[in-house]
file upload_6.txt (compact mmCIF, C-alpha atoms)
# COMPACT_ATOMS: atom_id res chain seq x y z
CA MET A 15 152.97 118.66 47.47
CA THR A 16 152.63 114.90 48.06
CA SER A 17 154.61 112.21 46.29
CA ALA A 18 151.39 111.14 44.54
CA SER A 19 150.96 114.60 43.00
CA PHE A 20 154.62 114.65 41.87
CA ILE A 21 154.05 111.25 40.23
CA LYS A 22 150.88 112.56 38.56
CA ASP A 23 152.87 115.55 37.23
CA LYS A 24 155.60 113.23 35.92
CA LYS A 25 153.02 111.00 34.22
CA SER A 26 151.50 114.03 32.50
CA PHE A 27 154.96 115.21 31.46
CA ALA A 28 155.88 111.77 30.09
CA GLN A 29 152.65 111.61 28.10
CA GLU A 30 153.33 115.04 26.61
CA MET A 31 156.99 114.27 25.96
CA GLN A 32 156.26 111.19 23.84
CA TRP A 33 155.06 113.51 21.06
CA TRP A 34 158.05 115.83 21.11
CA PRO A 35 160.29 115.95 18.05
CA ARG A 36 163.71 114.34 18.47
CA GLU A 37 165.48 117.72 18.62
CA ARG A 38 163.36 118.87 21.56
CA ILE A 39 164.02 115.63 23.45
CA LEU A 40 167.77 116.02 22.89
CA GLU A 41 167.61 119.65 24.10
CA TRP A 42 165.74 118.57 27.24
CA GLN A 43 168.21 115.74 27.88
CA TRP A 44 171.18 118.12 27.50
CA LYS A 45 169.59 120.62 29.88
CA ARG A 46 169.06 117.86 32.47
CA ILE A 47 172.66 116.59 32.05
CA LYS A 48 174.03 120.09 32.60
CA GLU A 49 171.89 120.51 35.73
CA LEU A 50 173.06 117.13 37.01
CA LEU A 51 176.72 117.96 36.37
CA GLU A 52 176.40 121.33 38.11
CA GLN A 53 174.71 119.72 41.12
CA ALA A 54 177.39 117.00 41.23
CA GLN A 55 180.22 119.53 41.14
CA ILE A 56 178.68 121.61 43.93
CA ALA A 57 177.07 119.01 46.21
CA GLU A 58 178.89 115.69 45.77
CA PRO A 59 182.38 115.35 47.27
CA TYR A 60 183.35 112.60 44.79
CA TYR A 61 182.63 114.70 41.69
CA ARG A 62 183.96 117.91 43.22
CA LYS A 63 187.32 116.13 43.72
CA LEU A 64 187.14 114.42 40.30
CA PHE A 65 186.53 117.71 38.46
CA LEU A 66 189.28 119.39 40.49
CA ASP A 67 191.73 116.54 39.74
CA LEU A 68 190.84 116.71 36.02
CA GLY A 69 191.13 120.48 36.03
CA ILE A 70 187.68 121.03 34.56
CA LYS A 71 184.46 122.82 35.48
CA THR A 72 180.97 122.00 34.34
CA SER A 73 181.09 125.23 32.33
CA ASP A 74 183.84 123.56 30.20
CA ILE A 75 181.36 120.89 29.03
CA HIS A 76 179.47 122.25 26.01
CA THR A 77 178.68 119.20 23.87
CA TRP A 78 177.90 115.50 24.11
CA GLU A 79 181.46 114.92 22.87
CA ASP A 80 182.80 116.88 25.87
CA PHE A 81 180.53 114.91 28.16
CA ALA A 82 181.80 111.62 26.69
CA LEU A 83 185.34 112.53 27.81
CA LEU A 84 184.35 112.28 31.49
CA PRO A 85 185.49 109.03 33.11
CA ILE A 86 182.85 106.34 33.42
CA LEU A 87 181.71 105.66 36.99
CA THR A 88 182.52 102.00 37.67
CA LYS A 89 181.13 99.55 40.19
CA GLU A 90 184.47 99.74 42.00
CA ASP A 91 184.23 103.56 42.13
CA ILE A 92 180.79 103.29 43.70
CA GLN A 93 181.93 100.65 46.23
CA LYS A 94 184.89 102.77 47.31
CA ASN A 95 183.08 106.13 47.34
CA SER A 96 179.38 105.51 48.00
CA LYS A 97 179.07 108.07 50.81
CA ASN A 98 180.96 110.69 48.76
CA LEU A 99 178.58 110.15 45.83
CA LEU A 100 175.62 111.18 47.96
CA ALA A 101 174.76 114.82 47.26
CA LYS A 102 174.59 117.10 50.28
CA GLY A 103 171.05 118.19 51.06
CA ILE A 104 169.39 115.38 49.10
CA SER A 105 167.23 112.92 51.00
CA ALA A 106 168.01 109.43 49.72
CA VAL A 107 167.44 105.84 50.72
CA GLU A 108 170.19 103.23 50.57
CA HIS A 109 169.61 100.35 48.18
CA ARG A 110 171.76 97.53 46.94
CA THR A 111 171.93 94.93 44.23
CA GLY A 112 171.35 91.27 44.97
CA GLY A 113 175.06 90.48 44.89
CA SER A 114 174.87 87.87 42.13
CA THR A 115 178.47 88.71 41.16
CA GLY A 116 179.63 88.03 44.72
CA GLN A 117 179.49 91.52 46.24
CA PRO A 118 176.25 93.52 46.60
CA LEU A 119 176.57 97.06 45.29
CA ARG A 120 175.25 99.68 47.74
CA PHE A 121 173.92 102.92 46.28
CA TYR A 122 171.36 105.62 47.05
CA LEU A 123 168.06 106.55 45.38
CA ASP A 124 166.33 109.88 45.94
CA SER A 125 162.58 110.47 45.76
CA ASP A 126 162.83 111.98 42.27
CA TYR A 127 164.39 108.76 40.96
CA ARG A 128 161.79 106.60 42.72
CA GLU A 129 158.94 108.72 41.27
CA TRP A 130 160.35 108.49 37.73
CA ALA A 131 160.88 104.72 38.18
CA HIS A 132 157.23 104.33 39.15
CA VAL A 133 156.11 106.39 36.14
CA SER A 134 158.39 104.43 33.77
CA LEU A 135 157.26 101.05 35.07
CA SER A 136 153.56 101.86 34.90
CA TRP A 137 154.06 103.46 31.46
CA GLY A 138 155.83 100.35 30.17
CA PHE A 139 153.14 98.04 31.52
CA ARG A 140 150.41 100.20 29.99
CA MET A 141 152.18 100.24 26.61
CA CYS A 142 152.18 96.43 26.73
CA GLY A 143 148.42 96.37 27.34
CA PHE A 144 148.54 95.70 31.08
CA LYS A 145 145.65 97.02 33.13
CA GLY A 146 146.34 97.97 36.75
CA TRP A 147 143.95 95.47 38.30
CA GLU A 148 145.34 92.45 36.43
CA LYS A 149 147.40 89.88 38.29
CA GLN A 150 151.17 90.30 38.24
CA ILE A 151 153.76 87.69 39.07
CA PHE A 152 157.36 88.83 39.57
CA LEU A 153 160.02 86.14 39.47
CA TRP A 154 162.94 87.86 41.18
CA GLY A 155 166.54 86.87 41.81
CA SER A 156 167.43 89.08 44.74
CA ASP A 157 166.50 88.21 48.30
CA TYR A 158 167.29 91.81 49.27
CA ASP A 159 164.64 93.13 46.87
CA ALA A 160 162.17 90.51 48.05
CA GLN A 161 162.42 91.53 51.74
CA PRO A 162 159.66 94.19 51.66
CA HIS A 163 157.29 91.60 50.20
CA LYS A 164 157.91 89.24 53.15
CA THR A 165 156.56 91.62 55.79
CA LEU A 166 152.93 91.87 56.87
CA ILE A 167 152.57 95.26 55.19
CA GLY A 168 154.29 93.89 52.08
CA HIS A 169 151.86 90.94 51.94
CA MET A 170 148.92 93.33 52.32
CA MET A 171 150.19 95.67 49.59
CA ASP A 172 150.85 92.74 47.26
CA TYR A 173 147.31 91.44 47.90
CA ILE A 174 145.74 94.86 47.26
CA GLN A 175 147.79 95.37 44.10
CA ASN A 176 147.20 91.76 42.93
CA VAL A 177 150.95 91.05 42.91
CA ARG A 178 152.81 87.86 43.64
CA PHE A 179 156.54 88.21 44.29
CA ILE A 180 158.59 85.00 43.95
CA ASP A 181 162.22 84.60 44.91
CA ALA A 182 163.81 82.73 42.00
CA PHE A 183 166.72 81.53 44.14
CA ARG A 184 164.45 79.83 46.66
CA ILE A 185 161.86 78.15 44.44
CA ASN A 186 161.94 74.35 44.16
CA ASP A 187 160.70 72.12 41.34
CA GLN A 188 157.27 71.50 42.93
CA GLU A 189 156.70 75.23 43.56
CA LEU A 190 157.77 75.98 39.99
CA LYS A 191 155.24 73.46 38.68
CA GLU A 192 152.49 74.98 40.85
CA LEU A 193 153.46 78.46 39.66
CA ALA A 194 153.22 77.37 36.00
CA GLU A 195 149.76 75.92 36.69
CA GLU A 196 148.70 79.17 38.42
CA ILE A 197 149.92 81.23 35.46
CA ASN A 198 148.07 78.97 33.02
CA ARG A 199 144.84 79.38 35.02
CA HIS A 200 145.04 83.18 34.68
CA PRO A 201 145.53 83.92 30.97

call {"tool": "encode", "arguments": {"input": "upload_6.txt", "output": "structure tokens"}}
result
Amino acid sequence: MTSASFIKDKKSFAQEMQWWPRERILEWQWKRIKELLEQAQIAEPYYRKLFLDLGIKTSDIHTWEDFALLPILTKEDIQKNSKNLLAKGISAVEHRTGGSTGQPLRFYLDSDYREWAHVSLSWGFRMCGFKGWEKQIFLWGSDYDAQPHKTLIGHMMDYIQNVRFIDAFRINDQELKELAEEINRHP
């Protein structure tokens, strides 16, 4: 099955899910949390060691209150253990933050995350009345995130999708004025 068909399935699921009663959503969320915890305990060295050190198993976690007792994963934890947070057997791509706090945070995203992110973004735009062919301007603060848009393929994709990607850290006053005029010309 292609990524496009997985995304289509996720879109259908999200459309169906919006009408679920609160109880059903909470049941689904709990089921997904339990699956995630079980996968983490089995496939991720960081969580396998954490659970062992805490003397717990995922089967000990029965409620949201139990779940809340797990230590919060901090930025420092991720920086020190990024490779050990990567689940064995999962294909993931390294990403990072822009480093606005001084140190970029490196982390991994799998295809399931990327598909859900696409569904969520398009869903949010649609809920705001955006139509896919309308012009989009992204004012972004991370040069790292802007890199794909600076390549030939990135320029072509942006053109096809009617997207303009602007690096907020590198825009000067004249460019900002021109951007405001461009936005005003396209209501």

call {"tool": "closest_residue", "arguments": {"input": "upload_6.txt", "among": "A:Ile151, A:Ile197, A:Ala106, A:Leu100", "to": "Asp181 (chain A)", "atoms": "only C-alpha atoms"}}
result
A:Ile151

call {"tool": "atom_distance", "arguments": {"input": "upload_6.txt", "atom1": "CA of His163 (chain A)", "atom2": "CA of Arg140 (chain A)"}}
result
23.0 Å

call {"tool": "atom_distance", "arguments": {"input": "upload_6.txt", "atom1": "CA of Gly146 (chain A)", "atom2": "CA of Ala131 (chain A)"}}
result
16.1 Å

call {"tool": "closest_residue", "arguments": {"input": "upload_6.txt", "among": "A:Trp137, A:Tyr127, A:Trp147, A:Trp154", "to": "Tyr173 (chain A)", "atoms": "all atoms listed in the file"}}
result
A:Trp147

call {"tool": "atom_distance", "arguments": {"input": "upload_6.txt", "atom1": "CA of Asn198 (chain A)", "atom2": "CA of Lys164 (chain A)"}}
result
24.6 Å

call {"tool": "closest_residue", "arguments": {"input": "upload_6.txt", "among": "A:Glu129, A:Gly112, A:Gln43, A:Leu166", "to": "Met31 (chain A)", "atoms": "all atoms listed in the file"}}
result
A:Gln43

call {"tool": "closest_residue", "arguments": {"input": "upload_6.txt", "among": "A:Glu148, A:Ser19, A:Arg110, A:Ala194", "to": "Ile174 (chain A)", "atoms": "only C-alpha atoms"}}
result
A:Glu148

call {"tool": "residues_around", "arguments": {"input": "upload_6.txt", "residues": "Asp80 (chain A)", "least_positions_apart": "4", "cutoff": "12 Å", "atoms": "only C-alpha atoms", "output": "PyMOL selection string"}}
result
chain A and resi 44+47-48+70-76+84-85

call {"tool": "closest_residue", "arguments": {"input": "upload_6.txt", "among": "A:Ala101, A:Arg36, A:Pro59, A:Lys45", "to": "Thr77 (chain A)", "atoms": "only C-alpha atoms"}}
result
A:Lys45

call {"tool": "residues_around", "arguments": {"input": "upload_6.txt", "residues": "Ser134 (chain A)", "least_positions_apart": "5", "cutoff": "10 Å", "atoms": "only C-alpha atoms", "output": "list in words"}}
result
Lys24, Lys25, Ala28, Arg128, Glu129, Phe139 and Arg140 of chain A

call {"tool": "closest_residue", "arguments": {"input": "upload_6.txt", "among": "A:Gln55, A:Gln29, A:Ser105, A:Ser136", "to": "Asp124 (chain A)", "atoms": "only C-alpha atoms"}}
result
A:Ser105

call {"tool": "decode", "arguments": {"input": "upload_6.txt", "residues": "region 102-139 of chain A", "atoms": "N, CA and C atoms", "output": "short mmCIF file (atom, residue, chain, number, x, y, z; two decimals), in the first residue's frame"}}
result
data_model
loop_
_atom_site.label_atom_id
_atom_site.label_comp_id
_atom_site.auth_asym_id
_atom_site.auth_seq_id
_atom_site.Cartn_x
_atom_site.Cartn_y
_atom_site.Cartn_z
N LYS A 102 13.53 -0.25 17.55
CA LYS A 102 14.12 -1.23 16.63
C LYS A 102 13.06 -1.65 15.62
N GLY A 103 13.47 -1.72 14.37
CA GLY A 103 12.56 -2.18 13.31
C GLY A 103 11.64 -1.11 12.75
N ILE A 104 11.77 0.12 13.23
CA ILE A 104 10.93 1.21 12.73
C ILE A 104 11.80 2.09 11.82
N SER A 105 11.32 2.33 10.62
CA SER A 105 12.02 3.20 9.69
C SER A 105 11.66 4.65 10.03
N ALA A 106 12.67 5.44 10.35
CA ALA A 106 12.41 6.83 10.75
C ALA A 106 13.46 7.75 10.13
N VAL A 107 13.09 9.00 10.00
CA VAL A 107 13.96 10.02 9.43
C VAL A 107 14.33 11.00 10.54
N GLU A 108 15.61 11.35 10.60
CA GLU A 108 16.05 12.30 11.63
C GLU A 108 15.56 13.70 11.28
N HIS A 109 15.06 14.39 12.28
CA HIS A 109 14.66 15.79 12.17
C HIS A 109 15.31 16.55 13.31
N ARG A 110 15.15 17.84 13.30
CA ARG A 110 15.63 18.65 14.41
C ARG A 110 14.86 19.95 14.45
N THR A 111 14.92 20.57 15.63
CA THR A 111 14.31 21.89 15.77
C THR A 111 15.26 22.92 15.20
N GLY A 112 14.83 24.15 15.14
CA GLY A 112 15.65 25.22 14.60
C GLY A 112 16.77 25.67 15.52
N GLY A 113 16.72 25.29 16.78
CA GLY A 113 17.78 25.67 17.70
C GLY A 113 17.64 27.07 18.26
N SER A 114 16.42 27.59 18.31
CA SER A 114 16.23 28.97 18.79
C SER A 114 16.64 29.14 20.25
N THR A 115 16.70 28.04 21.02
CA THR A 115 17.12 28.13 22.41
C THR A 115 18.63 27.92 22.55
N GLY A 116 19.32 27.80 21.42
CA GLY A 116 20.77 27.65 21.45
C GLY A 116 21.27 26.29 20.99
N GLN A 117 20.49 25.25 21.18
CA GLN A 117 20.90 23.90 20.81
C GLN A 117 19.76 23.22 20.05
N PRO A 118 19.95 22.90 18.76
CA PRO A 118 18.89 22.18 18.05
C PRO A 118 18.62 20.82 18.71
N LEU A 119 17.38 20.43 18.74
CA LEU A 119 16.99 19.15 19.30
C LEU A 119 16.81 18.17 18.14
N ARG A 120 17.59 17.09 18.15
CA ARG A 120 17.49 16.06 17.11
C ARG A 120 16.56 14.96 17.59
N PHE A 121 15.65 14.55 16.70
CA PHE A 121 14.68 13.51 17.02
C PHE A 121 14.30 12.80 15.73
N TYR A 122 13.52 11.74 15.83
CA TYR A 122 13.16 10.93 14.67
C TYR A 122 11.65 10.90 14.48
N LEU A 123 11.24 10.91 13.20
CA LEU A 123 9.82 10.82 12.85
C LEU A 123 9.63 9.63 11.92
N ASP A 124 8.66 8.77 12.24
CA ASP A 124 8.38 7.64 11.36
C ASP A 124 7.30 8.02 10.36
N SER A 125 7.05 7.14 9.40
CA SER A 125 6.09 7.45 8.34
C SER A 125 4.67 7.62 8.90
N ASP A 126 4.33 6.87 9.94
CA ASP A 126 2.99 7.00 10.53
C ASP A 126 2.79 8.41 11.08
N TYR A 127 3.80 8.93 11.76
CA TYR A 127 3.71 10.31 12.27
C TYR A 127 3.55 11.29 11.12
N ARG A 128 4.39 11.14 10.09
CA ARG A 128 4.36 12.09 8.97
C ARG A 128 3.00 12.05 8.27
N GLU A 129 2.41 10.85 8.14
CA GLU A 129 1.09 10.74 7.51
C GLU A 129 0.02 11.43 8.36
N TRP A 130 0.05 11.20 9.68
CA TRP A 130 -0.93 11.85 10.55
C TRP A 130 -0.72 13.37 10.56
N ALA A 131 0.54 13.83 10.49
CA ALA A 131 0.81 15.26 10.46
C ALA A 131 0.19 15.88 9.20
N HIS A 132 0.35 15.20 8.08
CA HIS A 132 -0.24 15.68 6.83
C HIS A 132 -1.76 15.76 6.94
N VAL A 133 -2.37 14.71 7.47
CA VAL A 133 -3.83 14.68 7.64
C VAL A 133 -4.28 15.82 8.57
N SER A 134 -3.57 16.00 9.69
CA SER A 134 -3.94 17.04 10.66
C SER A 134 -3.83 18.43 10.06
N LEU A 135 -2.73 18.67 9.34
CA LEU A 135 -2.53 19.98 8.74
C LEU A 135 -3.60 20.28 7.70
N SER A 136 -3.85 19.34 6.81
CA SER A 136 -4.86 19.59 5.78
C SER A 136 -6.26 19.71 6.40
N TRP A 137 -6.52 18.93 7.44
CA TRP A 137 -7.80 19.01 8.15
C TRP A 137 -7.97 20.41 8.76
N GLY A 138 -6.93 20.87 9.45
CA GLY A 138 -7.00 22.19 10.08
C GLY A 138 -7.21 23.30 9.06
N PHE A 139 -6.48 23.23 7.95
CA PHE A 139 -6.67 24.24 6.90
C PHE A 139 -8.10 24.21 6.36
#
